[in-house]
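Worksheet: one structure, shown below.
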Amino acid sequence: MKILLTGAAGFIGMHVAQLLIARGDEVIGIDNLNDYYDPNLKLARLAQLKPHANFRFIKGDISDRLAMEDLFEAERFQRVINLAAQPGVRYSLKNPHAYIQSNVVGFANLLEGCRHNGVEHFVYASSSSVYGANTKLPFSVDDNVDHPVSLYAATKKSNELMAHTYSHLYGLPTTGLRYFTVYGPWGRPDMSPWLFTSAILEDRTIDVFNHGRMRRDFTYVEDIAEGTVRVLDRIPQPNPGYDHDRGSPAESHAPYRVYNIGNHQPVELMTFIATIEQALGKEAKKNFLPMQPGDVEATYADIEALKLAVGFEPKTPLDYGIGKWVEWYRAYTRG
């Protein structure tokens with residue numbers, strides 16, 4: 001298939017591209033290579049993809065409406081995976097406009113491109129952050145998600161609403177994927193594995209928020225990538241018999257679905273840190289702090305809907321995943 005992959009130079013984007021390339025799809029990757037974090041890491045990821053004949057890279061921004069119109073019209077993609085977004089909860093407190101521009105304006109441009117050019121399936125990254133102030137665990141796609149606690153979360157919730165509108169109005173099949181705390185090789189410098197690992201190796205103190213009383217459903221990036229590709233192959237169908245009074249908000253009368261992708265085994269933050277310490281053979285110096293604005297205390301994915309739909313569930317153990325992360329980090333920072 002001919003597939004547009006946005007955010008191709010990103011952490012998850014690179015791993016998804018590798019799977020698509022390996023199975024023979026023609027992948028056109030787009031990324032704006034912005035400086036939210038070191039663009040050299042993004043270029044290094046692209047260097048893993050560019051040698052492949054069925055991968056082509058375009059530097060561009062999904063929030064550029066005219067450029068997106070021209071790209072869709074010229075390429076006639078069969079399917080689209082949107083992994084381009086301004087990420088990060090804490091940064092959304094400092095630069096909210098970046099989130100609106102990329103996550104809302106850019107998302108709308110992609111929906112319009114799909115609508116006008118016969119795209120068979122639009123798959124996009126949502127986030128576990130949409131569960132916001134919810135306290136019932138595990139988080140289920142059947143739950144209400146109307147109380148986000150960060151602008152980042154609000155933009156991801158808006159993506160799900162916008163996608164449903166296009167599924168309803170234009171019959172565009174859309175699937176949203178709520179990713180849960182992704183980690184692994186080629187991860188971002190603003191995420192906790194990198195922050196903790198670099199600080200420990202450099203004898204700096206790590207910040208431990210909420211005094212360590214946090215739990216996260218840490219999910220290995222290769223599991224995330226495999227789940228994404230499997231979902232791409234399952235085009236949602238309309239359900240004329242859908243009950244709008246009692247039905248799950250993750251489904252619809254329209255060709256619309258939402259799934260969680262998580263390891264469904266939440267880990268205490270202190271256990272996560274201890275696993276990194278063990279892999280490094282070195283103990284962290286810890287600075288215990290209160291909860292950060294926009295953060296939540298726990299995440300935990302109910303993935304029954306994903307298992308039923310595509311027969312897949314993430315299973316990578318934390319110690320294995322952290323071992324692969326540390327191995328990659330040492331090699332990359334030495335290089």
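To be explicit about the labels: the chains of the structure tokens are called A, B, and onward in the order shown, and within each one the residues are counted from 1, while ligands get numbers from 1 in the order they are shown.
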
* What lies within 6 Å of stretch 273-290 of chain A using only C-alpha atoms, ignoring chain neighbours under 4 positions off, as a count of residues only? -> 9

Report the closest atom pair, with its distance in Å rounded to one decimal, for each residue of stretch 112-180 of chain A that has an atom no farther than 10 Å from stretch 231-251 of chain A; count only C-alpha atoms, sort by chain and then rising residue number, and write it as CSV.
residue,atom,partner,partner_atom,distance
A:Glu120,CA,A:Ile235,CA,7.7
A:His121,CA,A:Ile235,CA,6.1
A:Phe122,CA,A:Leu232,CA,7.9
A:Val123,CA,A:Leu232,CA,6.3
A:Tyr124,CA,A:Leu232,CA,9.6
A:Ser140,CA,A:Ala250,CA,9.3
A:Val141,CA,A:Ala250,CA,5.6
A:Asp142,CA,A:Ser248,CA,4.9
A:Asp143,CA,A:Pro249,CA,7.5
A:Asn144,CA,A:Pro249,CA,7.5
A:Val145,CA,A:Pro249,CA,9.2
A:Glu160,CA,A:Ala250,CA,9.2
A:His164,CA,A:Glu251,CA,9.2
A:Ser167,CA,A:Pro238,CA,8.9
A:His168,CA,A:Pro238,CA,9.1
A:Gly171,CA,A:Pro238,CA,8.2
A:Leu172,CA,A:Pro236,CA,9.4
A:Pro173,CA,A:Pro236,CA,5.8
A:Thr174,CA,A:Pro236,CA,7.1
A:Thr175,CA,A:Pro236,CA,7.3
A:Gly176,CA,A:Ala250,CA,8.9
A:Leu177,CA,A:Val231,CA,8.8

* Asked: Where in stretch 174-257 of chain A does DSSP assign alpha helix (DSSP H), given as a list of chain:residue names?
  ->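 Taking stretch 174-257 of chain A and keeping alpha helix (DSSP H) only, one gets A:Ser192, A:Pro193, A:Trp194, A:Leu195, A:Phe196, A:Thr197, A:Ser198, A:Ala199, A:Ile200, A:Leu201, A:Val221, A:Glu222, A:Asp223, A:Ile224, A:Ala225, A:Glu226, A:Gly227, A:Thr228, A:Val229, A:Arg230, A:Val231, A:Leu232.
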
Write a file of the selected residues as an mmCIF file, in the first residue's frame, keeping N, CA and C atoms.
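Done, and the output landed in selection12.cif:
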data_model
loop_
_atom_site.group_PDB
_atom_site.id
_atom_site.type_symbol
_atom_site.label_atom_id
_atom_site.label_comp_id
_atom_site.auth_asym_id
_atom_site.auth_seq_id
_atom_site.Cartn_x
_atom_site.Cartn_y
_atom_site.Cartn_z
ATOM 1 N N SER A 192 10.929 10.527 30.686
ATOM 2 C CA SER A 192 11.587 10.112 31.928
ATOM 3 C C SER A 192 12.737 9.113 31.748
ATOM 4 N N PRO A 193 12.673 8.118 30.851
ATOM 5 C CA PRO A 193 13.824 7.213 30.742
ATOM 6 C C PRO A 193 15.118 7.956 30.401
ATOM 7 N N TRP A 194 15.044 8.909 29.466
ATOM 8 C CA TRP A 194 16.237 9.679 29.089
ATOM 9 C C TRP A 194 16.667 10.591 30.242
ATOM 10 N N LEU A 195 15.706 11.290 30.835
ATOM 11 C CA LEU A 195 16.036 12.207 31.930
ATOM 12 C C LEU A 195 16.688 11.463 33.085
ATOM 13 N N PHE A 196 16.126 10.311 33.450
ATOM 14 C CA PHE A 196 16.676 9.535 34.565
ATOM 15 C C PHE A 196 18.042 8.936 34.204
ATOM 16 N N THR A 197 18.131 8.328 33.033
ATOM 17 C CA THR A 197 19.369 7.649 32.638
ATOM 18 C C THR A 197 20.527 8.626 32.528
ATOM 19 N N SER A 198 20.302 9.742 31.854
ATOM 20 C CA SER A 198 21.397 10.718 31.686
ATOM 21 C C SER A 198 21.833 11.283 33.038
ATOM 22 N N ALA A 199 20.882 11.579 33.912
ATOM 23 C CA ALA A 199 21.217 12.144 35.221
ATOM 24 C C ALA A 199 22.008 11.154 36.071
ATOM 25 N N ILE A 200 21.577 9.903 36.083
ATOM 26 C CA ILE A 200 22.271 8.886 36.879
ATOM 27 C C ILE A 200 23.707 8.719 36.404
ATOM 28 N N LEU A 201 23.900 8.624 35.093
ATOM 29 C CA LEU A 201 25.251 8.431 34.551
ATOM 30 C C LEU A 201 26.143 9.651 34.777
ATOM 31 N N VAL A 221 8.077 0.405 22.930
ATOM 32 C CA VAL A 221 7.775 1.052 21.652
ATOM 33 C C VAL A 221 7.505 0.058 20.526
ATOM 34 N N GLU A 222 8.172 -1.093 20.524
ATOM 35 C CA GLU A 222 7.926 -2.062 19.457
ATOM 36 C C GLU A 222 6.518 -2.658 19.557
ATOM 37 N N ASP A 223 6.001 -2.776 20.790
ATOM 38 C CA ASP A 223 4.610 -3.211 20.957
ATOM 39 C C ASP A 223 3.645 -2.155 20.424
ATOM 40 N N ILE A 224 3.959 -0.896 20.715
ATOM 41 C CA ILE A 224 3.135 0.211 20.209
ATOM 42 C C ILE A 224 3.109 0.194 18.681
ATOM 43 N N ALA A 225 4.270 0.019 18.066
ATOM 44 C CA ALA A 225 4.361 0.026 16.607
ATOM 45 C C ALA A 225 3.577 -1.139 16.005
ATOM 46 N N GLU A 226 3.724 -2.329 16.591
ATOM 47 C CA GLU A 226 3.007 -3.481 16.048
ATOM 48 C C GLU A 226 1.499 -3.303 16.175
ATOM 49 N N GLY A 227 1.055 -2.802 17.321
ATOM 50 C CA GLY A 227 -0.374 -2.558 17.496
ATOM 51 C C GLY A 227 -0.906 -1.554 16.494
ATOM 52 N N THR A 228 -0.122 -0.529 16.217
ATOM 53 C CA THR A 228 -0.534 0.507 15.262
ATOM 54 C C THR A 228 -0.701 -0.063 13.863
ATOM 55 N N VAL A 229 0.251 -0.865 13.428
ATOM 56 C CA VAL A 229 0.189 -1.441 12.081
ATOM 57 C C VAL A 229 -0.964 -2.446 11.974
ATOM 58 N N ARG A 230 -1.169 -3.217 13.019
ATOM 59 C CA ARG A 230 -2.299 -4.158 12.990
ATOM 60 C C ARG A 230 -3.634 -3.420 12.878
ATOM 61 N N VAL A 231 -3.759 -2.335 13.603
ATOM 62 C CA VAL A 231 -4.996 -1.553 13.545
ATOM 63 C C VAL A 231 -5.168 -0.918 12.162
ATOM 64 N N LEU A 232 -4.070 -0.485 11.554
ATOM 65 C CA LEU A 232 -4.139 0.096 10.208
ATOM 66 C C LEU A 232 -4.816 -0.866 9.241
#

* Asked: Which residues in stretch 26-127 of chain A does DSSP call strand (DSSP E)? List them as a VMD selection string.
  -> chain A and resid 26 to 31 55 to 59 79 to 82 121 to 127

Export of prior selection with C-alpha atoms as a compact mmCIF listing (two decimals), in the first residue's frame:
# COMPACT_ATOMS: atom_id res chain seq x y z
CA GLU A 26 5.48 2.33 0.07
CA VAL A 27 5.94 4.84 2.88
CA ILE A 28 6.04 8.61 2.40
CA GLY A 29 7.21 10.14 5.66
CA ILE A 30 6.70 13.78 6.57
CA ASP A 31 8.12 15.69 9.54
CA PHE A 55 10.73 4.99 1.94
CA ARG A 56 10.68 8.63 0.87
CA PHE A 57 11.01 11.62 3.20
CA ILE A 58 9.45 15.07 2.80
CA LYS A 59 10.29 17.89 5.16
CA ARG A 79 -3.98 5.05 4.04
CA VAL A 80 -2.67 7.65 6.49
CA ILE A 81 -1.08 7.29 9.94
CA ASN A 82 -0.84 10.54 11.89
CA HIS A 121 -8.36 4.52 6.56
CA PHE A 122 -7.05 7.32 8.78
CA VAL A 123 -5.26 6.10 11.92
CA TYR A 124 -4.07 8.67 14.44
CA ALA A 125 -2.29 8.84 17.77
CA SER A 126 -4.45 9.87 20.67
CA SER A 127 -3.14 9.54 24.24

* Selection near A:Gly113, 7 Å with only C-alpha atoms, sequence-local residues under 4 positions removed, as a list in words -> Met68, Glu69, Phe72, Asn109 and Asn117 of chain A

* Residue neighbourhood A:Ile322, 9 Å, only C-alpha atoms, exclusion window fewer than 2 positions, as a list in words -> Tyr183, Gly184, Pro185, Pro193, Tyr220, Phe272, Thr275, Ile276, Ala279, Pro317, Leu318, Asp319, Tyr320, Lys324, Trp325, Val326 and Glu327 of chain A

Take the residues from that selection and put them in a file with N, CA, C and O atoms, as a short mmCIF file (atom, residue, chain, number, x, y, z; two decimals), in the first residue's frame.
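Contents of selection09.cif, as written:
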data_model
loop_
_atom_site.label_atom_id
_atom_site.label_comp_id
_atom_site.auth_asym_id
_atom_site.auth_seq_id
_atom_site.Cartn_x
_atom_site.Cartn_y
_atom_site.Cartn_z
N TYR A 183 8.07 3.83 25.89
CA TYR A 183 9.51 3.93 26.17
C TYR A 183 10.25 2.93 25.28
O TYR A 183 9.64 2.02 24.71
N GLY A 184 11.57 3.10 25.20
CA GLY A 184 12.39 2.17 24.44
C GLY A 184 13.45 2.88 23.63
O GLY A 184 13.59 4.11 23.71
N PRO A 185 14.23 2.13 22.83
CA PRO A 185 15.30 2.72 22.01
C PRO A 185 14.79 3.83 21.11
O PRO A 185 13.68 3.76 20.60
N PRO A 193 12.67 8.12 30.85
CA PRO A 193 13.82 7.21 30.74
C PRO A 193 15.12 7.96 30.40
O PRO A 193 16.17 7.68 30.99
N TYR A 220 6.35 -0.77 25.79
CA TYR A 220 7.55 -0.81 24.94
C TYR A 220 7.21 -0.38 23.52
O TYR A 220 6.17 -0.75 22.97
N PHE A 272 10.18 1.57 38.52
CA PHE A 272 10.72 1.95 37.21
C PHE A 272 12.14 2.51 37.36
O PHE A 272 13.05 2.12 36.62
N THR A 275 14.60 -0.21 38.19
CA THR A 275 14.93 -1.04 37.03
C THR A 275 16.00 -0.37 36.18
O THR A 275 16.92 -1.03 35.67
N ILE A 276 15.91 0.96 36.04
CA ILE A 276 16.96 1.69 35.31
C ILE A 276 18.27 1.63 36.10
O ILE A 276 19.35 1.41 35.51
N ALA A 279 19.88 -1.71 35.53
CA ALA A 279 20.46 -1.85 34.19
C ALA A 279 21.75 -1.05 34.05
O ALA A 279 22.66 -1.45 33.32
N PRO A 317 8.23 -7.41 28.86
CA PRO A 317 8.49 -7.14 30.28
C PRO A 317 9.34 -5.89 30.46
O PRO A 317 10.18 -5.57 29.62
N LEU A 318 9.13 -5.20 31.59
CA LEU A 318 9.84 -3.94 31.84
C LEU A 318 11.35 -4.14 31.88
O LEU A 318 12.09 -3.33 31.30
N ASP A 319 11.84 -5.19 32.52
CA ASP A 319 13.29 -5.35 32.64
C ASP A 319 13.94 -5.56 31.27
O ASP A 319 15.04 -5.05 31.00
N TYR A 320 13.24 -6.29 30.39
CA TYR A 320 13.77 -6.47 29.03
C TYR A 320 13.77 -5.14 28.28
O TYR A 320 14.77 -4.76 27.65
N LYS A 324 17.00 -2.96 26.80
CA LYS A 324 17.20 -2.54 25.40
C LYS A 324 17.36 -1.03 25.31
O LYS A 324 18.13 -0.52 24.49
N TRP A 325 16.60 -0.30 26.16
CA TRP A 325 16.72 1.16 26.18
C TRP A 325 18.13 1.58 26.59
O TRP A 325 18.75 2.41 25.92
N VAL A 326 18.62 1.04 27.68
CA VAL A 326 19.95 1.42 28.18
C VAL A 326 21.04 1.04 27.18
O VAL A 326 21.98 1.81 26.94
N GLU A 327 20.90 -0.12 26.58
CA GLU A 327 21.86 -0.55 25.55
C GLU A 327 21.91 0.46 24.41
O GLU A 327 22.98 0.86 23.94
#

* Using only C-alpha atoms, determine which residues lie at most 8 Å from A:Gly118, disregarding the query and same-chain residues fewer than 3 positions distant; provide the list as number ranges by chain. => A: 76, 78, 114-115

Selection to disk with N, CA, C and O atoms, as a PDB file, in the first residue's frame:
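The resulting file, selection.pdb, is reproduced below:
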ATOM      1  N   ARG A  76      -1.986  10.714  -3.690  1.00  0.00           N
ATOM      2  CA  ARG A  76      -3.122   9.795  -3.645  1.00  0.00           C
ATOM      3  C   ARG A  76      -2.848   8.596  -2.724  1.00  0.00           C
ATOM      4  O   ARG A  76      -2.844   7.438  -3.150  1.00  0.00           O
ATOM      5  N   GLN A  78      -3.282   5.646  -0.038  1.00  0.00           N
ATOM      6  CA  GLN A  78      -4.356   4.718   0.289  1.00  0.00           C
ATOM      7  C   GLN A  78      -4.741   4.820   1.766  1.00  0.00           C
ATOM      8  O   GLN A  78      -5.914   4.761   2.114  1.00  0.00           O
ATOM      9  N   CYS A 114      -7.664  13.558   3.640  1.00  0.00           N
ATOM     10  CA  CYS A 114      -8.238  12.218   3.528  1.00  0.00           C
ATOM     11  C   CYS A 114      -9.622  12.265   2.876  1.00  0.00           C
ATOM     12  O   CYS A 114      -9.939  11.458   2.000  1.00  0.00           O
ATOM     13  N   ARG A 115     -10.418  13.229   3.316  1.00  0.00           N
ATOM     14  CA  ARG A 115     -11.798  13.354   2.819  1.00  0.00           C
ATOM     15  C   ARG A 115     -11.843  13.560   1.312  1.00  0.00           C
ATOM     16  O   ARG A 115     -12.670  12.943   0.605  1.00  0.00           O
TER      17      ARG A 115
END

* Write out as an NGL selection string each polymer residue whose atoms come within 9 Å of A:Pro96, counting only C-alpha atoms; drop sequence neighbours fewer than 4 positions from it. => :A and (91-92 or 100-101 or 151-152)

Selection file, N, CA and C atoms, as a tab-separated table (two decimals), in the first residue's frame:
chain	number	residue	atom	x	y	z
A	91	TYR	N	5.13	20.92	28.76
A	91	TYR	CA	5.44	22.00	27.80
A	91	TYR	C	4.16	22.73	27.38
A	92	SER	N	3.02	22.05	27.47
A	92	SER	CA	1.76	22.70	27.06
A	92	SER	C	1.38	23.82	28.01
A	100	ILE	N	-2.12	23.94	19.67
A	100	ILE	CA	-3.26	24.24	18.80
A	100	ILE	C	-2.85	24.16	17.34
A	101	GLN	N	-1.70	24.71	17.03
A	101	GLN	CA	-1.25	24.75	15.63
A	101	GLN	C	-1.03	23.35	15.06
A	151	LEU	N	-3.71	20.97	28.44
A	151	LEU	CA	-4.09	21.35	27.08
A	151	LEU	C	-3.71	20.25	26.09
A	152	TYR	N	-2.57	19.61	26.31
A	152	TYR	CA	-2.17	18.49	25.45
A	152	TYR	C	-3.30	17.45	25.40

* To do: Rank nothing, just name the residue among A:Lys157, A:Trp186, A:Glu112, A:Leu308 nearest to A:Met14, using only C-alpha atoms.
  =>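 Residue with the minimum atom-to-atom distance to A:Met14: A:Trp186.
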